[in-house]
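File shown: target-v1.txt (compact mmCIF, C-alpha atoms).
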```txt
# COMPACT_ATOMS: atom_id res chain seq x y z
CA MET A 1244 -29.58 -21.75 12.33
CA LYS A 1245 -29.76 -18.08 11.59
CA VAL A 1246 -26.59 -16.06 11.48
CA LYS A 1247 -27.18 -12.70 12.98
CA SER A 1248 -24.20 -11.73 15.04
CA LEU A 1249 -20.48 -12.34 15.22
CA ALA A 1250 -21.16 -14.87 17.95
CA ASP A 1251 -23.27 -16.93 15.51
CA LEU A 1252 -20.40 -16.75 13.07
CA ARG A 1253 -18.08 -18.23 15.66
CA LYS A 1254 -20.40 -21.21 15.92
CA ILE A 1255 -20.17 -22.16 12.26
CA LYS A 1256 -16.42 -21.63 12.33
CA ASP A 1257 -15.66 -25.17 13.48
CA GLU A 1258 -17.76 -26.77 10.75
CA VAL A 1259 -15.94 -24.79 8.12
CA HIS A 1260 -12.63 -25.63 9.72
CA GLU A 1261 -13.30 -29.36 9.30
CA LYS A 1262 -14.22 -28.88 5.67
CA ILE A 1263 -11.03 -26.99 4.98
CA LYS A 1264 -8.91 -29.72 6.55
CA LEU A 1265 -10.43 -32.27 4.18
CA ARG A 1266 -9.60 -30.23 1.13
CA GLU A 1267 -6.23 -28.93 2.24
CA GLN A 1268 -4.14 -31.39 0.26
CA SER A 1269 -5.32 -30.04 -3.02
CA GLU A 1270 -4.62 -26.44 -2.05
CA ASN A 1271 -2.16 -25.56 -4.74
CA ALA A 1272 -2.58 -22.44 -6.79
CA GLU A 1273 -1.12 -24.13 -9.87
CA GLN A 1274 -3.65 -26.92 -9.73
CA ILE A 1275 -6.86 -25.09 -9.26
CA VAL A 1276 -9.23 -23.58 -11.76
CA GLN A 1277 -9.09 -19.82 -11.92
CA ILE A 1278 -12.08 -17.87 -13.13
CA LYS A 1279 -12.17 -14.13 -13.51
CA VAL A 1280 -15.44 -12.34 -14.03
CA ALA A 1281 -15.26 -8.98 -15.81
CA MET A 1282 -16.74 -6.53 -13.33
CA ALA A 1283 -16.53 -3.10 -14.80
CA THR A 1284 -19.55 -0.90 -15.49
CA CYS A 1285 -20.33 -2.76 -18.71
CA GLY A 1286 -20.18 -6.16 -17.04
CA ILE A 1287 -22.20 -5.15 -13.99
CA ALA A 1288 -24.90 -3.53 -16.12
CA SER A 1289 -25.21 -6.80 -18.06
CA GLY A 1290 -25.61 -8.97 -14.99
CA ALA A 1291 -22.07 -10.03 -14.09
CA LYS A 1292 -22.90 -9.98 -10.39
CA GLU A 1293 -25.49 -12.72 -10.70
CA ILE A 1294 -23.23 -14.77 -12.94
CA MET A 1295 -20.39 -14.50 -10.45
CA SER A 1296 -22.54 -15.63 -7.51
CA TYR A 1297 -23.86 -18.46 -9.65
CA ILE A 1298 -20.37 -19.66 -10.59
CA ILE A 1299 -19.17 -19.53 -6.98
CA ASP A 1300 -22.16 -21.61 -5.90
CA GLU A 1301 -21.83 -24.10 -8.76
CA LEU A 1302 -18.11 -24.67 -8.17
CA ASP A 1303 -18.76 -25.25 -4.50
CA TYR A 1304 -21.69 -27.53 -5.31
CA SER A 1305 -19.66 -29.57 -7.81
CA GLY A 1306 -16.75 -29.80 -5.38
CA ILE A 1307 -14.34 -28.13 -7.78
CA ASP A 1308 -11.34 -26.39 -6.31
CA GLY A 1309 -11.46 -23.02 -7.91
CA VAL A 1310 -10.99 -19.37 -7.24
CA VAL A 1311 -13.41 -16.88 -8.64
CA THR A 1312 -12.15 -13.33 -8.75
CA GLN A 1313 -13.03 -10.11 -10.50
CA THR A 1314 -11.20 -8.41 -13.27
CA GLY A 1315 -11.66 -5.15 -15.10
CA CYS A 1316 -13.11 -4.51 -18.51
CA MET A 1317 -11.33 -6.58 -21.11
CA GLY A 1318 -12.60 -4.41 -23.93
CA TYR A 1319 -15.41 -6.73 -24.99
CA CYS A 1320 -18.21 -4.59 -23.65
CA TYR A 1321 -20.52 -5.78 -26.44
CA ALA A 1322 -20.20 -9.35 -25.22
CA GLU A 1323 -20.73 -8.89 -21.48
CA PRO A 1324 -20.97 -10.70 -19.17
CA THR A 1325 -17.56 -12.15 -19.99
CA ILE A 1326 -15.50 -14.59 -17.96
CA GLU A 1327 -11.91 -15.71 -18.25
CA VAL A 1328 -11.33 -19.37 -17.42
CA LYS A 1329 -7.87 -20.71 -16.76
CA LEU A 1330 -7.48 -24.44 -16.33
CA PRO A 1331 -4.24 -25.68 -14.78
CA GLY A 1332 -1.49 -25.83 -17.39
CA LYS A 1333 -3.61 -24.26 -20.11
CA ALA A 1334 -3.84 -20.83 -21.66
CA PRO A 1335 -6.74 -18.72 -20.40
CA VAL A 1336 -9.86 -18.49 -22.57
CA VAL A 1337 -12.59 -15.90 -22.52
CA TYR A 1338 -16.26 -16.64 -22.97
CA GLY A 1339 -18.71 -13.91 -23.90
CA PHE A 1340 -22.48 -13.52 -23.48
CA VAL A 1341 -22.37 -15.75 -20.41
CA THR A 1342 -25.79 -16.61 -19.04
CA LYS A 1343 -26.41 -18.98 -16.15
CA GLY A 1344 -27.03 -21.75 -18.67
CA LYS A 1345 -23.80 -20.98 -20.46
CA ALA A 1346 -21.92 -20.88 -17.16
CA LYS A 1347 -23.28 -24.31 -16.28
CA GLU A 1348 -22.23 -25.64 -19.67
CA ILE A 1349 -18.73 -24.18 -19.24
CA ILE A 1350 -18.36 -25.77 -15.82
CA GLU A 1351 -19.77 -29.17 -16.81
CA ARG A 1352 -18.12 -29.51 -20.19
CA TYR A 1353 -15.00 -27.34 -20.26
CA ILE A 1354 -13.86 -27.32 -16.65
CA ILE A 1355 -14.82 -30.86 -15.68
CA LYS A 1356 -14.42 -32.76 -18.96
CA GLY A 1357 -12.01 -30.50 -20.83
CA GLU A 1358 -14.20 -30.38 -23.94
CA LEU A 1359 -14.32 -27.37 -26.19
CA VAL A 1360 -17.32 -25.19 -25.61
CA ASP A 1361 -18.73 -22.61 -28.02
CA GLY A 1362 -18.67 -18.97 -27.14
CA VAL A 1363 -14.96 -18.16 -26.87
CA ILE A 1364 -14.59 -14.59 -28.04
CA PRO A 1365 -11.33 -13.10 -29.16
CA VAL A 1366 -8.68 -14.70 -31.25
CA THR A 1367 -5.84 -12.68 -29.83
CA TYR A 1368 -6.70 -12.64 -26.18
CA ARG A 1369 -4.14 -11.73 -23.56
CA THR A 1370 -4.87 -11.56 -19.87
CA ILE A 1371 -4.88 -8.02 -18.46
CA ASP A 1372 -2.70 -7.06 -15.56
CA GLU A 1373 -3.99 -4.49 -13.19
CA MET B 419 -28.13 0.08 -13.44
CA LYS B 420 -31.27 -1.48 -12.04
CA GLU B 421 -30.25 -1.30 -8.40
CA LEU B 422 -28.17 1.07 -6.31
CA SER B 423 -26.26 -1.95 -5.03
CA LEU B 424 -24.95 -2.45 -8.57
CA HIS B 425 -23.75 1.15 -8.64
CA ILE B 426 -21.98 0.48 -5.35
CA LEU B 427 -20.35 -2.65 -6.77
CA ASP B 428 -19.23 -0.60 -9.75
CA ILE B 429 -17.89 2.41 -7.84
CA VAL B 430 -16.02 0.21 -5.36
CA GLN B 431 -14.16 -1.32 -8.33
CA ASN B 432 -12.69 2.14 -8.85
CA SER B 433 -11.44 2.14 -5.27
CA ILE B 434 -9.92 -1.29 -5.76
CA ARG B 435 -8.20 -0.18 -8.94
CA ALA B 436 -6.89 2.79 -6.97
CA LYS B 437 -5.15 0.29 -4.67
CA ALA B 438 -7.26 1.11 -1.63
CA SER B 439 -6.68 -1.07 1.44
CA LYS B 440 -9.70 0.26 3.28
CA ILE B 441 -13.10 1.00 1.75
CA GLU B 442 -16.06 2.30 3.69
CA LEU B 443 -19.64 2.27 2.49
CA ARG B 444 -22.06 4.43 4.38
CA ILE B 445 -25.77 4.49 3.59
CA THR B 446 -27.90 7.00 5.43
CA GLU B 447 -31.66 7.07 5.22
CA ASP B 448 -33.15 10.30 6.46
CA ILE B 449 -36.90 9.90 6.11
CA ASP B 450 -37.78 13.30 7.60
CA ASN B 451 -35.70 15.12 5.03
CA ASN B 452 -36.60 12.67 2.28
CA GLN B 453 -32.96 11.77 1.68
CA PHE B 454 -31.22 8.56 0.75
CA GLU B 455 -27.47 9.01 0.81
CA ILE B 456 -24.70 6.71 -0.33
CA GLN B 457 -21.15 7.59 0.55
CA ILE B 458 -18.07 5.61 -0.41
CA THR B 459 -14.71 6.50 1.10
CA ASP B 460 -11.42 4.89 0.21
CA ASN B 461 -7.75 5.36 1.01
CA GLY B 462 -6.53 4.67 -2.52
CA ILE B 463 -4.20 6.68 -4.70
CA GLY B 464 -6.83 9.34 -5.38
CA MET B 465 -6.82 11.75 -8.31
CA ASP B 466 -5.13 15.02 -9.07
CA LYS B 467 -7.15 18.17 -9.55
CA VAL B 468 -6.98 18.02 -13.33
CA PHE B 469 -8.41 14.51 -13.55
CA LEU B 470 -10.94 15.14 -10.80
CA ASP B 471 -12.43 18.08 -12.69
CA LYS B 472 -13.28 15.95 -15.69
CA VAL B 473 -13.95 12.60 -13.99
CA THR B 474 -17.76 12.82 -14.20
CA SER B 475 -17.56 13.03 -17.98
CA PRO B 476 -18.48 9.77 -19.69
CA PHE B 477 -15.56 10.23 -22.06
CA VAL B 478 -12.93 10.09 -19.35
CA THR B 479 -11.36 6.93 -17.97
CA SER B 480 -7.97 5.75 -16.80
CA ARG B 481 -8.45 2.44 -18.57
CA LYS B 482 -6.56 1.48 -21.67
CA THR B 483 -9.01 -1.11 -22.96
CA ARG B 484 -11.68 1.42 -23.96
CA ASN B 485 -12.19 5.17 -24.12
CA VAL B 486 -15.39 5.63 -22.18
CA GLY B 487 -15.93 5.54 -18.45
CA LEU B 488 -19.59 5.39 -17.51
CA GLY B 489 -19.54 4.25 -13.88
CA ILE B 490 -19.44 7.64 -12.21
CA SER B 491 -21.50 9.33 -14.94
CA LEU B 492 -24.34 6.84 -14.55
CA LEU B 493 -24.46 7.20 -10.78
CA LYS B 494 -24.43 10.98 -11.08
CA GLN B 495 -27.21 10.86 -13.64
CA ASN B 496 -29.33 8.58 -11.46
CA ALA B 497 -28.86 10.82 -8.41
CA GLU B 498 -29.76 13.95 -10.34
CA GLN B 499 -32.77 12.31 -11.99
CA SER B 500 -34.06 11.41 -8.54
CA GLY B 501 -33.97 14.97 -7.30
CA GLY B 502 -30.62 14.54 -5.62
CA PHE B 503 -27.01 15.40 -6.32
CA PHE B 504 -23.57 13.90 -6.62
CA THR B 505 -20.22 15.05 -5.27
CA ILE B 506 -16.72 13.67 -5.50
CA ASN B 507 -13.65 14.77 -3.57
CA SER B 508 -10.22 13.36 -3.99
CA GLU B 509 -6.64 14.03 -3.12
CA SER B 510 -3.60 12.38 -4.67
CA ASN B 511 -2.22 9.63 -2.43
CA LYS B 512 -4.87 10.24 0.22
CA GLY B 513 -8.06 8.77 -1.18
CA THR B 514 -11.44 9.58 -2.60
CA ILE B 515 -14.89 10.31 -1.18
CA ILE B 516 -17.92 9.87 -3.39
CA LYS B 517 -21.37 10.91 -2.32
CA ALA B 518 -24.64 10.33 -4.14
CA VAL B 519 -27.79 11.73 -2.61
CA PHE B 520 -31.27 10.75 -3.80
CA GLU B 521 -34.75 11.80 -2.77
CA HIS B 522 -35.89 8.88 -0.66
CA GLN B 523 -39.45 8.85 -2.00
CA ASN B 524 -38.60 9.79 -5.56
CA ILE B 525 -40.16 7.40 -8.06
CA ASP B 526 -37.01 7.53 -10.18
CA ARG B 527 -34.73 6.42 -7.36
CA PRO B 528 -33.63 2.85 -8.09
CA ILE B 529 -34.11 0.40 -5.24
CA LEU B 530 -31.10 -0.38 -3.08
CA GLY B 531 -31.40 -4.06 -3.97
CA ASP B 532 -29.06 -6.84 -2.97
CA VAL B 533 -26.49 -4.87 -1.03
CA ALA B 534 -25.56 -7.93 1.07
CA GLY B 535 -24.71 -9.80 -2.13
CA THR B 536 -22.63 -6.88 -3.33
CA MET B 537 -20.67 -6.77 -0.08
CA THR B 538 -20.01 -10.50 0.06
CA LEU B 539 -18.97 -10.59 -3.58
CA LEU B 540 -16.52 -7.77 -2.96
CA ILE B 541 -15.18 -9.41 0.19
CA GLY B 542 -14.82 -12.78 -1.54
CA ALA B 543 -12.92 -11.33 -4.47
CA ASN B 544 -10.79 -8.97 -2.37
CA PRO B 545 -10.26 -10.67 0.98
CA GLN B 546 -7.23 -8.53 1.77
CA ILE B 547 -9.20 -5.29 1.70
CA HIS B 548 -10.71 -3.92 4.90
CA PHE B 549 -14.39 -3.25 4.18
CA ILE B 550 -16.72 -1.31 6.41
CA TYR B 551 -20.43 -0.97 5.85
CA LEU B 552 -22.53 1.32 7.97
CA HIS B 553 -26.25 1.57 7.31
CA LYS B 554 -28.18 4.20 9.22
CA LYS B 555 -31.91 4.52 9.24
CA GLU B 556 -33.11 7.35 11.44
CA LEU B 557 -31.98 6.40 14.96
CA GLU B 558 -31.14 2.78 14.15
CA GLN B 559 -27.92 1.61 12.60
CA PHE B 560 -26.03 -1.48 11.51
CA TYR B 561 -22.26 -1.57 11.51
CA PHE B 562 -20.31 -4.24 9.65
CA ASP B 563 -16.53 -4.48 9.64
CA THR B 564 -14.47 -7.22 7.96
CA GLU B 565 -11.68 -6.80 10.52
CA GLU B 566 -14.10 -7.81 13.28
CA VAL B 567 -15.16 -10.80 11.22
CA LYS B 568 -11.56 -11.83 10.60
CA ASN B 569 -10.84 -11.69 14.34
CA GLU B 570 -13.79 -13.92 14.97
CA ILE B 571 -12.97 -16.64 12.44
CA ASP B 572 -9.21 -16.41 12.96
CA THR B 573 -7.40 -18.87 10.65
CA ILE B 574 -10.34 -19.54 8.35
CA PRO B 575 -10.13 -17.48 5.17
CA ILE B 576 -12.92 -14.93 4.94
CA GLN B 577 -13.43 -15.80 1.27
CA HIS B 578 -14.55 -19.35 2.08
CA PRO B 579 -17.96 -19.89 0.43
CA ASP B 580 -19.60 -20.95 3.71
CA ILE B 581 -18.32 -17.86 5.51
CA LEU B 582 -19.51 -15.61 2.69
CA LYS B 583 -22.92 -17.24 2.79
CA ALA B 584 -23.09 -16.67 6.54
CA LEU B 585 -22.01 -13.05 6.15
CA LYS B 586 -24.69 -12.44 3.53
CA GLU B 587 -27.28 -13.79 5.92
CA LEU B 588 -25.85 -11.73 8.77
CA ILE B 589 -26.08 -8.52 6.75
CA ASN B 590 -29.60 -9.25 5.51
CA GLU B 591 -30.87 -10.15 8.97
CA ASN B 592 -29.50 -6.97 10.49
CA LEU B 593 -30.73 -4.74 7.67
CA ASN B 594 -34.13 -6.30 8.17
CA ASP B 595 -33.88 -5.54 11.88
CA ILE B 596 -33.29 -1.84 11.42
CA LYS B 597 -35.98 -1.82 8.71
CA ALA B 598 -33.59 -0.66 6.04
CA THR B 599 -35.31 0.26 2.78
CA ILE B 600 -34.05 -2.33 0.36
CA ASN B 601 -36.87 -2.67 -2.14
```

structure tokens encoding of this file:
Amino acid sequence: MKVKSLADLRKIKDEVHEKIKLREQSENAEQIVQIKVAMATCGIASGAKEIMSYIIDELDYSGIDGVVTQTGCMGYCYAEPTIEVKLPGKAPVVYGFVTKGKAKEIIERYIIKGELVDGVIPVTYRTIDE
Amino acid sequence: MKELSLHILDIVQNSIRAKASKIELRITEDIDNNQFEIQITDNGIGMDKVFLDKVTSPFVTSRKTRNVGLGISLLKQNAEQSGGFFTINSESNKGTIIKAVFEHQNIDRPILGDVAGTMTLLIGANPQIHFIYLHKKELEQFYFDTEEVKNEIDTIPIQHPDILKALKELINENLNDIKATIN
């Protein structure tokens, strides 16, 4: 079905509502994966938009409860696109030079299995508040 | 930036950082006058006169992580290279209006590109912000307002992947309908 108007949107509402009910129990901010994509000029120019859409789709596809948000420039412009991944109960890590392939590897190996994945950039990383 | 939609994504980040709660994107295609205009209006904290005067310089930014700020400079450069111009108006605690005008037919004007993707990405990452997108092409127009969407889907969060996917389709279908120049 094509979505073209607000009325069409209302039609898919119920489907989505059912899906949400199924997943509601795991809705706990402390227990979900948080990913921030650096979306400043440097990130966008290097393709962060595509990477972000890809990650959102992949998480949804793999059935992982995660939130994908945007953050500012973390100061690693040379390594864009960069993403910050925070697993529940762990310190956040930043990956640089993230391509779609790398993003897939991060999701499959780091997020799902908890293995270490190459490509973490800074040694002294601290999350930025803004 | 390869597409104007990426510039939009970039400039809107400024509005978000300026704590805007309402951001309006207005794209106006005036074929007769060979103009392609992008205007972004926000109700964020704005800038004082001193900062505003130097904001188009690539060596000015409010960030602490680096000393260059290219977002506005790059958009200005692209507009001017395409036979157009760039203006920015701002008032402290009121908001900011940015306008970039391009020659519609100019070979150096980047394509608009995936504006629907830009909008849904912004909505997904900032569900609390009220976004408006108005695209005018000659006599036709498409108006999109996240408040209307939220009323329609009531308790379902607007940032749900399925809703975002539907919104992207909705925007693309309507842009197609008014024959918006995307590529």

Counting all atoms listed in the file, what is within 7 Å of range 491-508 of chain B, bar same-chain residues fewer than 4 positions away, as a PDB file with C-alpha atoms, in the frame of the given file?
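Just written: part30.pdb:
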```
ATOM      1  CA  HIS B 425     -23.750   1.150  -8.640  1.00  0.00           C
ATOM      2  CA  GLY B 464      -6.830   9.340  -5.380  1.00  0.00           C
ATOM      3  CA  MET B 465      -6.820  11.750  -8.310  1.00  0.00           C
ATOM      4  CA  THR B 474     -17.760  12.820 -14.200  1.00  0.00           C
ATOM      5  CA  SER B 475     -17.560  13.030 -17.980  1.00  0.00           C
ATOM      6  CA  PRO B 476     -18.480   9.770 -19.690  1.00  0.00           C
ATOM      7  CA  GLY B 513      -8.060   8.770  -1.180  1.00  0.00           C
ATOM      8  CA  THR B 514     -11.440   9.580  -2.600  1.00  0.00           C
ATOM      9  CA  ILE B 515     -14.890  10.310  -1.180  1.00  0.00           C
ATOM     10  CA  ILE B 516     -17.920   9.870  -3.390  1.00  0.00           C
ATOM     11  CA  LYS B 517     -21.370  10.910  -2.320  1.00  0.00           C
ATOM     12  CA  ALA B 518     -24.640  10.330  -4.140  1.00  0.00           C
ATOM     13  CA  VAL B 519     -27.790  11.730  -2.610  1.00  0.00           C
ATOM     14  CA  PHE B 520     -31.270  10.750  -3.800  1.00  0.00           C
ATOM     15  CA  GLU B 521     -34.750  11.800  -2.770  1.00  0.00           C
ATOM     16  CA  ASN B 524     -38.600   9.790  -5.560  1.00  0.00           C
ATOM     17  CA  ASP B 526     -37.010   7.530 -10.180  1.00  0.00           C
ATOM     18  CA  ARG B 527     -34.730   6.420  -7.360  1.00  0.00           C
TER      19      ARG B 527
END
```

For a quick test of understanding: name the residues of chain B lying within 8 Å of chain A when counting only C-alpha atoms, and present them as an NGL selection string. :B and (419-420 or 424 or 427-428 or 431 or 435 or 483-484 or 487-489 or 536 or 539 or 542-544 or 567 or 570-571 or 574 or 579-581 or 584-585 or 587-589 or 591-592)

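Proximity of A:Ala1334, A:Ile1298, A:Val1328, A:Val1360 to Glu1348 in chain A, computed with all atoms listed in the file, is greatest for A:Val1360.
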
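Across the model, the gap from CA of Val1363 in chain A to CA of Tyr1304 in chain A is 24.5 Å.
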
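Take CA of Leu443 in chain B and CA of Ala1281 in chain A: the distance between them is 21.9 Å.
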
Computed gap from CA of Pro1331 in chain A to CA of Ile1354 in chain A is 9.9 Å

Go through B:Asn569, B:Ile429, B:Gln577, B:Leu557 one by one, measure the shortest atom-to-atom distance of each to Gly1309 in chain A using all atoms listed in the file, and give the residue with the smallest value.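 With all atoms listed in the file as the atom set, the closest residue is B:Gln577.
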
Do you know which residues are at most 12 Å from Leu593 in chain B counting only C-alpha atoms, after dropping those on the same chain fewer than 5 positions away, and could you put them as JSON, numbers by chain? {"A": [1247], "B": [445, 530, 531, 532, 533, 534, 551, 552, 553, 554, 555, 558, 559, 560, 561, 562, 586, 587, 588, 598, 599, 600, 601]}

Once you have the residues from the selection above, write them out as a JSON list (two decimals), keeping the file's coordinate frame, restricted to C-alpha atoms.
```json
[["chain", "number", "residue", "atom", "x", "y", "z"],
["A", 1247, "LYS", "CA", -27.18, -12.70, 12.98],
["B", 445, "ILE", "CA", -25.77, 4.49, 3.59],
["B", 530, "LEU", "CA", -31.10, -0.38, -3.08],
["B", 531, "GLY", "CA", -31.40, -4.06, -3.97],
["B", 532, "ASP", "CA", -29.06, -6.84, -2.97],
["B", 533, "VAL", "CA", -26.49, -4.87, -1.03],
["B", 534, "ALA", "CA", -25.56, -7.93, 1.07],
["B", 551, "TYR", "CA", -20.43, -0.97, 5.85],
["B", 552, "LEU", "CA", -22.53, 1.32, 7.97],
["B", 553, "HIS", "CA", -26.25, 1.57, 7.31],
["B", 554, "LYS", "CA", -28.18, 4.20, 9.22],
["B", 555, "LYS", "CA", -31.91, 4.52, 9.24],
["B", 558, "GLU", "CA", -31.14, 2.78, 14.15],
["B", 559, "GLN", "CA", -27.92, 1.61, 12.60],
["B", 560, "PHE", "CA", -26.03, -1.48, 11.51],
["B", 561, "TYR", "CA", -22.26, -1.57, 11.51],
["B", 562, "PHE", "CA", -20.31, -4.24, 9.65],
["B", 586, "LYS", "CA", -24.69, -12.44, 3.53],
["B", 587, "GLU", "CA", -27.28, -13.79, 5.92],
["B", 588, "LEU", "CA", -25.85, -11.73, 8.77],
["B", 598, "ALA", "CA", -33.59, -0.66, 6.04],
["B", 599, "THR", "CA", -35.31, 0.26, 2.78],
["B", 600, "ILE", "CA", -34.05, -2.33, 0.36],
["B", 601, "ASN", "CA", -36.87, -2.67, -2.14]]
```

Using all atoms listed in the file, can you tell me which of B:Ile596, B:Ile529, B:Ile441, B:Ile463 comes closest to Asn511 in chain B? B:Ile463

With 3 Å on each side, where is the centre of the axis-aligned box around all listed atoms of range 1289-1304 of chain A, and how long are its edges in Å to one decimal, as AutoDock Vina command-line options?
```
--center_x -21.9 --center_y -17.2 --center_z -11.3 --size_x 13.5 --size_y 26.7 --size_z 19.6
```

When distances are computed from all atoms listed in the file, which of A:Glu1261, A:Gln1277, A:Pro1324, A:Ile1307 shows the smallest separation from Thr1342 in chain A?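 Of A:Glu1261, A:Gln1277, A:Pro1324, A:Ile1307, the one nearest Thr1342 in chain A is A:Pro1324, counting all atoms listed in the file.
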
Excluding same-chain residues fewer than 5 positions from Gly1344 in chain A, what lies within 10 Å of it counting only C-alpha atoms, as a VMD selection string? chain A and resid 1294 1349 to 1350

Filled-in N, CA and C atoms of range 1349-1363 of chain A, supplied as a compact mmCIF listing (two decimals), in the frame of the given file:
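Output saved as selection31.txt:
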```txt
# COMPACT_ATOMS: atom_id res chain seq x y z
N ILE A 1349 -20.18 -24.36 -19.33
CA ILE A 1349 -18.73 -24.18 -19.24
C ILE A 1349 -18.16 -25.02 -18.10
N ILE A 1350 -18.85 -25.00 -16.96
CA ILE A 1350 -18.36 -25.77 -15.82
C ILE A 1350 -18.43 -27.27 -16.11
N GLU A 1351 -19.58 -27.72 -16.61
CA GLU A 1351 -19.77 -29.17 -16.81
C GLU A 1351 -18.93 -29.72 -17.95
N ARG A 1352 -18.82 -28.94 -19.03
CA ARG A 1352 -18.12 -29.51 -20.19
C ARG A 1352 -16.66 -29.06 -20.28
N TYR A 1353 -16.39 -27.77 -20.12
CA TYR A 1353 -15.00 -27.34 -20.26
C TYR A 1353 -14.16 -27.62 -19.01
N ILE A 1354 -14.65 -27.19 -17.86
CA ILE A 1354 -13.86 -27.32 -16.65
C ILE A 1354 -13.75 -28.78 -16.19
N ILE A 1355 -14.86 -29.49 -16.18
CA ILE A 1355 -14.82 -30.86 -15.68
C ILE A 1355 -14.29 -31.85 -16.72
N LYS A 1356 -14.81 -31.74 -17.95
CA LYS A 1356 -14.42 -32.76 -18.96
C LYS A 1356 -13.33 -32.29 -19.90
N GLY A 1357 -13.06 -30.99 -19.93
CA GLY A 1357 -12.01 -30.50 -20.83
C GLY A 1357 -12.43 -30.42 -22.28
N GLU A 1358 -13.74 -30.50 -22.55
CA GLU A 1358 -14.20 -30.38 -23.94
C GLU A 1358 -14.21 -28.93 -24.39
N LEU A 1359 -14.21 -28.74 -25.69
CA LEU A 1359 -14.32 -27.37 -26.19
C LEU A 1359 -15.78 -26.94 -26.12
N VAL A 1360 -15.96 -25.71 -25.71
CA VAL A 1360 -17.32 -25.19 -25.61
C VAL A 1360 -17.41 -23.93 -26.46
N ASP A 1361 -18.50 -23.80 -27.19
CA ASP A 1361 -18.73 -22.61 -28.02
C ASP A 1361 -18.80 -21.34 -27.20
N GLY A 1362 -18.46 -20.24 -27.82
CA GLY A 1362 -18.67 -18.97 -27.14
C GLY A 1362 -17.39 -18.27 -26.72
N VAL A 1363 -16.24 -18.82 -27.15
CA VAL A 1363 -14.96 -18.16 -26.87
C VAL A 1363 -14.90 -16.92 -27.74
```
